[in-house]
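Below is one structure; the comments refer to it alone.
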Amino acid sequence: MTNDRQQTYDLIVIGGGVNGAGVARDGALRGLKTILLEKNDFASGTSSWSTRLIHGGLRYLEYFEFSLVRESLREREVLLQTAPHLVKPLLLTIPVYRSRSRPYWKIQAGMLLYDTLSYDKTLPPHRMLPKTKFLQLLRSIDPEDLSGGAQYYDGQVAFAERLCLETIISAAEAGATVCNYTEVTQLHRQGNRITHLSCRDVPTGEEFTVTGSDRAVIINTSGPWVDRVCSLGVENGESKPISQTAKIGGTKGSHIVVDPFPGALDSALYVEAKTDGRPFFIVPWLGMYLIGTTDLPYRGNLDRVKADDDEIDYLIAETNGIIPSAALTRSSVKFTYSGVRPLPNTEGKKPGSITRKHILFDHTSEGIDNLISLIGGKLTTYRHVGEELVDAAFRKIGRSAPPCPTLKQPLPGAILPSDDRIREAVQNYRKSIPLNTIDYLFSMYGSRAIEVLALTDKAPDLAEAIVPQLLDIKAQIVYAIRSEYAKTFVDINRRRTPIAFHDNYGFPALSVLAEVAIEHCGWTRETCDRLIEEYRMYMEKNCIPDYAIEEK
Ligand SMILES: Cc1cc2nc3c(=O)[nH]c(=O)nc-3n(C[C@H](O)[C@H](O)[C@H](O)COP(=O)(O)OP(=O)(O)OC[C@H]3O[C@@H](n4cnc5c(N)ncnc54)[C@H](O)[C@@H]3O)c2cc1C
């Protein structure tokens with residue numbers, strides 16, 4: 001970054017979640033001198049706390065959000081084609097009960113509309129299941145009062161963090177400067193423009209400036225932090241916030257993660273909750289089940305969001321309600337996580353009814369001509385949001401925008417049928433690495449698994465498993481640090497690999513992470529000790545239920 005600080009930038013993107021990543025990639029691919037600034041790790045905000053569905057949002061049909069559903073379904077198809085190693089088809093089943101608010105005919109009508117709005121899809125269409133057929137196929141579902149159900153396909157991005165990361169890698173390959181652990185602390189205003197940004201390198205505390213070119217555009221994709229970033233305006237050394245009114249009215253959504261349980265299905269369930277009629281998901285995920293979500297207005301600390309015991313109990317009770325044999329209890333919960341949806345500030349609306357459509361807020365109306373904030377924006381639609389924001393940036397710059405390439409251009413790890421290197425890699429490494437490990441690496445990294453495997457050529461010890469219970473190997477640690485911007489053990493265990501979700505929160509892997517980082521990447525013992533402690537605090541702060549911490 002040191003050399004990059006002397007440059008000036010056409011496009012300055014604040015926030016390295018999935019939306020900021022999409023903007024940076026699009027801007028760099030279309031020739032804008034681009035920098036992406038993220039205060040924590042990439043995808044450490046809302047983008048790592050979602051249900052991980054790439055979906056049209058069947059529920060939004062109830063609110064007549066047809067354009068959002070169509071946009072999402074089109075983007076679902078784009079991602080299935082351009083990121084096939086990360087986004088996979090997912091079968092979902094909706095059980096329908098007579099006593100609940102959505103009758104069979106309504107679900108059927110919704111399904112027909114969903115199929116119509118995804119007319120260009122490659123996924124199979126829905127099918128309706130009358131009660132007898134439904135219970136033949138799905139025996140564990142509560143039969144009382146059931147009138148039947150529906151089955152349909154959407155997409156799942158099991159590792160959304162890597163979708164964000166690969167988008168950032170693609171941005172960097174196209175020439176963008178991408179910085180994690182770089183906090184924007186001030187937006188310097190001069191007249192009707194922001195001319196430069198004060199930034200802080202978080203690990204060292206060093207302050208520096210990022211300067212815009214004469215026509216630079218600043219894009220604020222800081223998700224739930226949008227208002228906070230807008231408050232960072234400064235003129236002649238005095239604080240002068242950009243906005244006077246709140247744009248975000250975030251709602252909190254929590255999930256629980258449990259091991260396979262009696263009656264668990266191979267497919268995902270989309271269920272109307274018995275207690276409050278809210279729809280929630282039970283989704284097979286990384287060999288476990290991800291259950292969520294809740295939807296509660298949230299005004300608390302955005303850097304410390306955690307599932308409450310009440311939310312956990314609600315999700316347990318609703319799962320037991322739909323699959324009585326599950327018999328889940330608090331002790332079944334391995335992991336929890338919560339995020340804040342960056343929704344528009346709308347007083348007096350029920351959280352579920354607030355629009356999920358994104359808004360590009362141009363701050364010209366507040367006296368600043370070169371700042372646009374994104375309000376909302378789902379994981380599913382991030383590519384299109386990137387395209388729209390870069391189009392808007394070109395309009396502000398006063399240049400005609402080159403065509404957007406991201407509709408067709410695969411992400412860096414996409415496995416293309418013509419790629420012979422993969423067959424060769426499997427042949428080469430199967431002597432030294434078990435086949436199921438090689439297979440796992442390709443499922444995680446796509447074609448970039450070849451680079452992970454290549455690290456074992458010069459250092460055969462890197463072919464060893466990190467811990468015996470997992471397929472992850474030591475080479476992944478080195479790859480995360482050298483090639484994927486990882487700077488902490490949370491980055492490695494939680495956002496480059498799924499180790500944190502397995503085997504006692506990934507704690508047993510930490511000593512190996514430290515050993516490898518010291519031996520192969522030059523990290524010091526003191527740094528590793530500090531990072532191990534930081535990892536423990538992160539897990540307690542975000543993922544281990546409070547009651548489980550108290551019991552310890
Ligand atoms: C519970 C839940 C379930 C969801 N499920 C789905 C789903 O299944 N499918 C779907 O499509 N969408 C889903 N969503 C929505 C989706 O996850 C989010 O809308 C999306 O991830 C938002 O991404 P973002 O990049 O805008 O924000 P974020 O991911 O929050 O990124 C913003 C980034 O800005 C950074 N930042 C903040 N301040 C600064 C600063 N001063 N300097 C530098 N950086 C800064 C933050 O650290 C953060 O990383 C869900 C959301 C939630 C909460």
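By convention in this document, the chains of the structure tokens carry letters A, B, ... by their order, each chain's residues are numbered from 1, and ligands are numbered from 1 in the order they are shown.
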
Using only C-alpha atoms and all ligand atoms, tabulate the residues of chain A lying at most 7 Å from any atom of ligand 1, each with its closest atom pair and that distance in Å to one decimal, by chain and increasing residue number, as CSV.
residue,atom,partner,partner_atom_place_in_ligand_line,distance
A:Ile14,CA,ligand 1,43 (C),5.1
A:Gly15,CA,ligand 1,34 (O),3.2
A:Gly16,CA,ligand 1,33 (C),4.9
A:Gly17,CA,ligand 1,25 (O),3.3
A:Val18,CA,ligand 1,25 (O),4.1
A:Asn19,CA,ligand 1,25 (O),3.8
A:Gly20,CA,ligand 1,25 (O),5.3
A:Leu37,CA,ligand 1,43 (C),5.2
A:Glu38,CA,ligand 1,44 (N),3.7
A:Lys39,CA,ligand 1,43 (C),3.9
A:Asn40,CA,ligand 1,47 (O),5.0
A:Asp41,CA,ligand 1,49 (O),6.6
A:Phe42,CA,ligand 1,49 (O),5.8
A:Ala43,CA,ligand 1,49 (O),5.3
A:Ser44,CA,ligand 1,49 (O),4.9
A:Gly45,CA,ligand 1,30 (O),3.8
A:Thr46,CA,ligand 1,30 (O),3.7
A:Ser47,CA,ligand 1,21 (O),3.3
A:Ser48,CA,ligand 1,29 (O),6.7
A:Trp49,CA,ligand 1,2 (C),5.8
A:Ser50,CA,ligand 1,3 (C),3.4
A:Thr51,CA,ligand 1,8 (O),3.8
A:Arg52,CA,ligand 1,8 (O),4.2
A:Leu53,CA,ligand 1,8 (O),3.7
A:Ile54,CA,ligand 1,11 (O),5.3
A:His55,CA,ligand 1,11 (O),6.3
A:Thr182,CA,ligand 1,43 (C),6.1
A:Glu183,CA,ligand 1,42 (N),3.8
A:Val184,CA,ligand 1,42 (N),3.9
A:Thr185,CA,ligand 1,41 (N),5.8
A:Thr221,CA,ligand 1,26 (O),5.4
A:Ser222,CA,ligand 1,34 (O),3.4
A:Gly223,CA,ligand 1,27 (O),3.6
A:Pro224,CA,ligand 1,30 (O),5.8
A:Trp225,CA,ligand 1,37 (C),5.0
A:Val229,CA,ligand 1,41 (N),5.4
A:Lys252,CA,ligand 1,53 (C),5.9
A:Gly253,CA,ligand 1,1 (C),3.6
A:Ser254,CA,ligand 1,1 (C),5.4
A:His255,CA,ligand 1,1 (C),7.0
A:Thr293,CA,ligand 1,1 (C),5.7
A:Ser338,CA,ligand 1,1 (C),5.9
A:Gly339,CA,ligand 1,53 (C),4.0
A:Val340,CA,ligand 1,53 (C),4.3
A:Arg341,CA,ligand 1,53 (C),4.1
A:Pro342,CA,ligand 1,19 (O),6.0
A:Gly376,CA,ligand 1,19 (O),5.7
A:Gly377,CA,ligand 1,19 (O),4.8
A:Lys378,CA,ligand 1,19 (O),3.9
A:Leu379,CA,ligand 1,11 (O),3.5
A:Thr380,CA,ligand 1,11 (O),3.8
A:Thr381,CA,ligand 1,11 (O),6.6

Please extract the residues of region 194-275 of chain A with a backbone DSSP assignment of strand (DSSP E) and present them as a short mmCIF file (atom, residue, chain, number, x, y, z; two decimals) with N, CA and C atoms, in the first residue's frame.
data_model
loop_
_atom_site.label_atom_id
_atom_site.label_comp_id
_atom_site.auth_asym_id
_atom_site.auth_seq_id
_atom_site.Cartn_x
_atom_site.Cartn_y
_atom_site.Cartn_z
N ILE A 194 -15.79 15.92 -2.04
CA ILE A 194 -14.85 15.31 -1.10
C ILE A 194 -13.55 15.16 -1.88
N THR A 195 -12.49 15.75 -1.35
CA THR A 195 -11.23 15.75 -2.09
C THR A 195 -10.30 14.63 -1.66
N HIS A 196 -10.31 14.33 -0.36
CA HIS A 196 -9.44 13.25 0.12
C HIS A 196 -9.99 12.64 1.40
N LEU A 197 -9.44 11.48 1.75
CA LEU A 197 -9.92 10.75 2.91
C LEU A 197 -8.76 10.54 3.88
N SER A 198 -9.02 10.72 5.17
CA SER A 198 -8.01 10.29 6.16
C SER A 198 -8.29 8.84 6.49
N CYS A 199 -7.19 8.08 6.59
CA CYS A 199 -7.34 6.65 6.86
C CYS A 199 -6.38 6.25 7.96
N ARG A 200 -6.70 5.11 8.59
CA ARG A 200 -5.84 4.60 9.65
C ARG A 200 -5.53 3.14 9.34
N ASP A 201 -4.24 2.83 9.32
CA ASP A 201 -3.84 1.45 9.18
C ASP A 201 -4.09 0.80 10.55
N GLU A 207 -1.52 6.87 10.44
CA GLU A 207 -2.52 7.65 9.70
C GLU A 207 -1.97 7.99 8.31
N PHE A 208 -2.80 7.99 7.31
CA PHE A 208 -2.37 8.42 5.98
C PHE A 208 -3.58 8.93 5.19
N THR A 209 -3.29 9.47 4.01
CA THR A 209 -4.35 10.11 3.22
C THR A 209 -4.54 9.37 1.90
N VAL A 210 -5.77 9.22 1.49
CA VAL A 210 -6.06 8.70 0.15
C VAL A 210 -6.70 9.86 -0.62
N THR A 211 -6.11 10.19 -1.75
CA THR A 211 -6.53 11.39 -2.48
C THR A 211 -7.28 11.02 -3.76
N GLY A 212 -8.34 11.75 -4.00
CA GLY A 212 -9.10 11.53 -5.22
C GLY A 212 -8.53 12.34 -6.37
N SER A 213 -8.70 11.86 -7.59
CA SER A 213 -8.33 12.65 -8.77
C SER A 213 -9.35 13.80 -8.91
N ASP A 214 -9.12 14.69 -9.89
CA ASP A 214 -10.00 15.88 -10.02
C ASP A 214 -11.48 15.51 -10.08
N ARG A 215 -11.76 14.38 -10.71
CA ARG A 215 -13.17 14.02 -10.90
C ARG A 215 -13.56 12.81 -10.06
N ALA A 216 -12.80 12.51 -9.04
CA ALA A 216 -13.02 11.26 -8.29
C ALA A 216 -14.44 11.13 -7.75
N VAL A 217 -14.89 9.89 -7.71
CA VAL A 217 -16.19 9.58 -7.10
C VAL A 217 -15.93 8.66 -5.91
N ILE A 218 -16.62 8.95 -4.82
CA ILE A 218 -16.49 8.14 -3.61
C ILE A 218 -17.77 7.31 -3.48
N ILE A 219 -17.60 6.02 -3.27
CA ILE A 219 -18.76 5.15 -3.10
C ILE A 219 -18.74 4.61 -1.67
N ASN A 220 -19.85 4.85 -0.98
CA ASN A 220 -19.96 4.41 0.41
C ASN A 220 -20.77 3.11 0.46
N GLY A 233 -17.65 13.59 7.77
CA GLY A 233 -17.29 14.78 6.98
C GLY A 233 -16.53 15.81 7.81
N VAL A 234 -15.55 16.46 7.17
CA VAL A 234 -14.73 17.48 7.84
C VAL A 234 -14.50 18.61 6.84
N GLU A 235 -14.64 19.87 7.30
CA GLU A 235 -14.31 21.01 6.42
C GLU A 235 -13.45 21.98 7.22
N GLU A 238 -12.87 21.28 10.79
CA GLU A 238 -14.03 21.17 11.70
C GLU A 238 -14.94 20.04 11.22
N SER A 239 -15.53 19.33 12.19
CA SER A 239 -16.47 18.27 11.82
C SER A 239 -17.68 18.86 11.08
N THR A 251 -32.01 -4.08 10.64
CA THR A 251 -32.67 -5.11 11.46
C THR A 251 -31.70 -6.28 11.65
N LYS A 252 -31.79 -6.85 12.84
CA LYS A 252 -30.87 -7.92 13.21
C LYS A 252 -31.47 -9.28 12.82
N GLY A 253 -30.64 -10.13 12.26
CA GLY A 253 -31.07 -11.49 11.93
C GLY A 253 -30.08 -12.48 12.51
N SER A 254 -30.60 -13.50 13.22
CA SER A 254 -29.70 -14.48 13.85
C SER A 254 -29.93 -15.89 13.30
N HIS A 255 -28.88 -16.68 13.38
CA HIS A 255 -28.94 -18.09 12.96
C HIS A 255 -28.38 -18.98 14.06
N ILE A 256 -28.81 -20.24 14.05
CA ILE A 256 -28.11 -21.24 14.85
C ILE A 256 -27.59 -22.31 13.90
N VAL A 257 -26.52 -23.00 14.31
CA VAL A 257 -25.95 -24.08 13.51
C VAL A 257 -25.95 -25.34 14.38
N VAL A 258 -26.53 -26.41 13.82
CA VAL A 258 -26.60 -27.67 14.60
C VAL A 258 -26.08 -28.82 13.74
N ALA A 268 -33.31 -28.28 1.66
CA ALA A 268 -33.60 -27.19 2.60
C ALA A 268 -35.10 -27.08 2.82
N LEU A 269 -35.46 -26.58 3.98
CA LEU A 269 -36.88 -26.33 4.30
C LEU A 269 -37.10 -24.84 4.42
N TYR A 270 -38.25 -24.39 3.91
CA TYR A 270 -38.63 -22.99 4.03
C TYR A 270 -39.99 -23.02 4.72
N VAL A 271 -40.04 -22.56 5.96
CA VAL A 271 -41.19 -22.85 6.82
C VAL A 271 -41.80 -21.57 7.37
N GLU A 272 -43.12 -21.57 7.50
CA GLU A 272 -43.78 -20.46 8.20
C GLU A 272 -43.79 -20.79 9.69
#

Close residues, His363 (chain A) itself excluded, 12 Å, only C-alpha atoms, min 2 positions apart in chain, as a PyMOL selection string
chain A and resi 192-194+217-220+230+241-245+247+360-361+365-374+396

With C-alpha atoms retained, export the selected residues as a PDB file, in the first residue's frame.
ATOM      1  CA  ASN A 192     -19.325  20.562  -3.039  1.00  0.00           C
ATOM      2  CA  ARG A 193     -16.728  17.784  -3.237  1.00  0.00           C
ATOM      3  CA  ILE A 194     -14.851  15.313  -1.100  1.00  0.00           C
ATOM      4  CA  VAL A 217     -16.185   9.578  -7.103  1.00  0.00           C
ATOM      5  CA  ILE A 218     -16.491   8.139  -3.608  1.00  0.00           C
ATOM      6  CA  ILE A 219     -18.763   5.152  -3.102  1.00  0.00           C
ATOM      7  CA  ASN A 220     -19.958   4.408   0.414  1.00  0.00           C
ATOM      8  CA  CYS A 230     -21.569   9.896   6.427  1.00  0.00           C
ATOM      9  CA  PRO A 241     -21.273  15.579   8.713  1.00  0.00           C
ATOM     10  CA  ILE A 242     -22.489  14.892   5.179  1.00  0.00           C
ATOM     11  CA  SER A 243     -26.021  13.912   6.207  1.00  0.00           C
ATOM     12  CA  GLN A 244     -28.353  15.225   8.878  1.00  0.00           C
ATOM     13  CA  THR A 245     -30.814  12.328   8.712  1.00  0.00           C
ATOM     14  CA  LYS A 247     -30.508   6.568   6.025  1.00  0.00           C
ATOM     15  CA  LEU A 360     -28.273   4.454  -4.606  1.00  0.00           C
ATOM     16  CA  PHE A 361     -28.328   7.636  -2.542  1.00  0.00           C
ATOM     17  CA  SER A 365     -29.094  16.654  -2.608  1.00  0.00           C
ATOM     18  CA  GLU A 366     -27.047  17.232   0.583  1.00  0.00           C
ATOM     19  CA  GLY A 367     -24.468  19.440  -1.100  1.00  0.00           C
ATOM     20  CA  ILE A 368     -21.806  16.859  -1.976  1.00  0.00           C
ATOM     21  CA  ASP A 369     -21.606  16.017  -5.673  1.00  0.00           C
ATOM     22  CA  ASN A 370     -19.137  13.148  -5.705  1.00  0.00           C
ATOM     23  CA  LEU A 371     -20.456  10.767  -3.043  1.00  0.00           C
ATOM     24  CA  ILE A 372     -22.986   7.973  -3.476  1.00  0.00           C
ATOM     25  CA  SER A 373     -24.096   5.729  -0.584  1.00  0.00           C
ATOM     26  CA  LEU A 374     -25.608   2.303  -1.072  1.00  0.00           C
ATOM     27  CA  LYS A 396     -20.453  11.868 -12.539  1.00  0.00           C
TER      28      LYS A 396
END

For Lys121 (chain A), list every protein, DNA or RNA residue within 8 Å, evaluated using only C-alpha atoms, and leave out those in the same chain fewer than 2 positions away; present the list as a PyMOL selection string.
chain A and resi 73-74+77+118-119+123-124

Determine which residues of region 214-312 of chain A receive a DSSP assignment of alpha helix (DSSP H), computed from the backbone, and state them as a VMD selection string.
chain A and resid 226 to 230 309 to 312

Need to verify the contact set: region 465-468 of chain A, 10 Å, only C-alpha atoms, exclusion of same-chain residues closer than 3 positions in sequence. Can you return it as a list in words?
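The filter keeps Ile433, Thr437, Asp461, Leu462, Leu471, Asp472, Ile473, Lys474, Ala475, Gln476, Ile477, Ile499, Asp503, Gly506, Pro508, Ala509, Leu510, Ser511, Val512, Leu513 and Val516 of chain A.
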
Okay, now the selection with C-alpha atoms, as a PDB file, in the first residue's frame?
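So out23.pdb came out as:
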ATOM      1  CA  ILE A 433      -2.501 -36.077  -0.910  1.00  0.00           C
ATOM      2  CA  THR A 437      -8.720 -33.803   0.269  1.00  0.00           C
ATOM      3  CA  ASP A 461       4.937 -30.769   5.165  1.00  0.00           C
ATOM      4  CA  LEU A 462       2.260 -28.368   3.893  1.00  0.00           C
ATOM      5  CA  LEU A 471      -9.748 -32.116   5.290  1.00  0.00           C
ATOM      6  CA  ASP A 472      -8.048 -28.706   5.429  1.00  0.00           C
ATOM      7  CA  ILE A 473      -4.273 -28.857   4.905  1.00  0.00           C
ATOM      8  CA  LYS A 474      -1.427 -26.652   6.115  1.00  0.00           C
ATOM      9  CA  ALA A 475      -0.859 -25.215   2.613  1.00  0.00           C
ATOM     10  CA  GLN A 476      -4.164 -23.363   2.980  1.00  0.00           C
ATOM     11  CA  ILE A 477      -2.708 -21.360   5.865  1.00  0.00           C
ATOM     12  CA  ILE A 499     -12.324 -24.336  10.160  1.00  0.00           C
ATOM     13  CA  ASP A 503     -14.414 -29.117  15.784  1.00  0.00           C
ATOM     14  CA  GLY A 506     -11.486 -24.204  15.408  1.00  0.00           C
ATOM     15  CA  PRO A 508      -7.594 -27.087  18.228  1.00  0.00           C
ATOM     16  CA  ALA A 509      -6.232 -25.770  14.906  1.00  0.00           C
ATOM     17  CA  LEU A 510      -4.742 -22.595  16.369  1.00  0.00           C
ATOM     18  CA  SER A 511      -1.407 -24.031  17.491  1.00  0.00           C
ATOM     19  CA  VAL A 512      -0.877 -25.454  13.980  1.00  0.00           C
ATOM     20  CA  LEU A 513      -1.805 -22.122  12.393  1.00  0.00           C
ATOM     21  CA  VAL A 516       2.942 -22.762  10.022  1.00  0.00           C
TER      22      VAL A 516
END

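The nearest approach to Ala392 (chain A) among the residues A:Val69, A:Gly57, A:Asp362, A:Ile438, with only C-alpha atoms taken into account, belongs to A:Asp362.
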
Please report as a tab-separated table every residue of region 464-512 of chain A lying within 9 Å of region 537-541 of chain A, along with the nearest atom pair and their distance in Å (one decimal), using only C-alpha atoms.
residue	atom	partner	partner_atom	distance
A:Val490	CA	A:Tyr538	CA	7.6
A:Ala500	CA	A:Met539	CA	8.6
A:Tyr505	CA	A:Met539	CA	7.5

Give me the residues near region 440-449 of chain A as a PyMOL selection string, where near means some atom within 12 Å (using only C-alpha atoms) and where sequence neighbours in that chain fewer than 5 positions away do not count.
chain A and resi 82-88+157-163+165-166+169+286+410-426+429+433-435+454-456+463+465+470-476+479-480+483-484+495-498
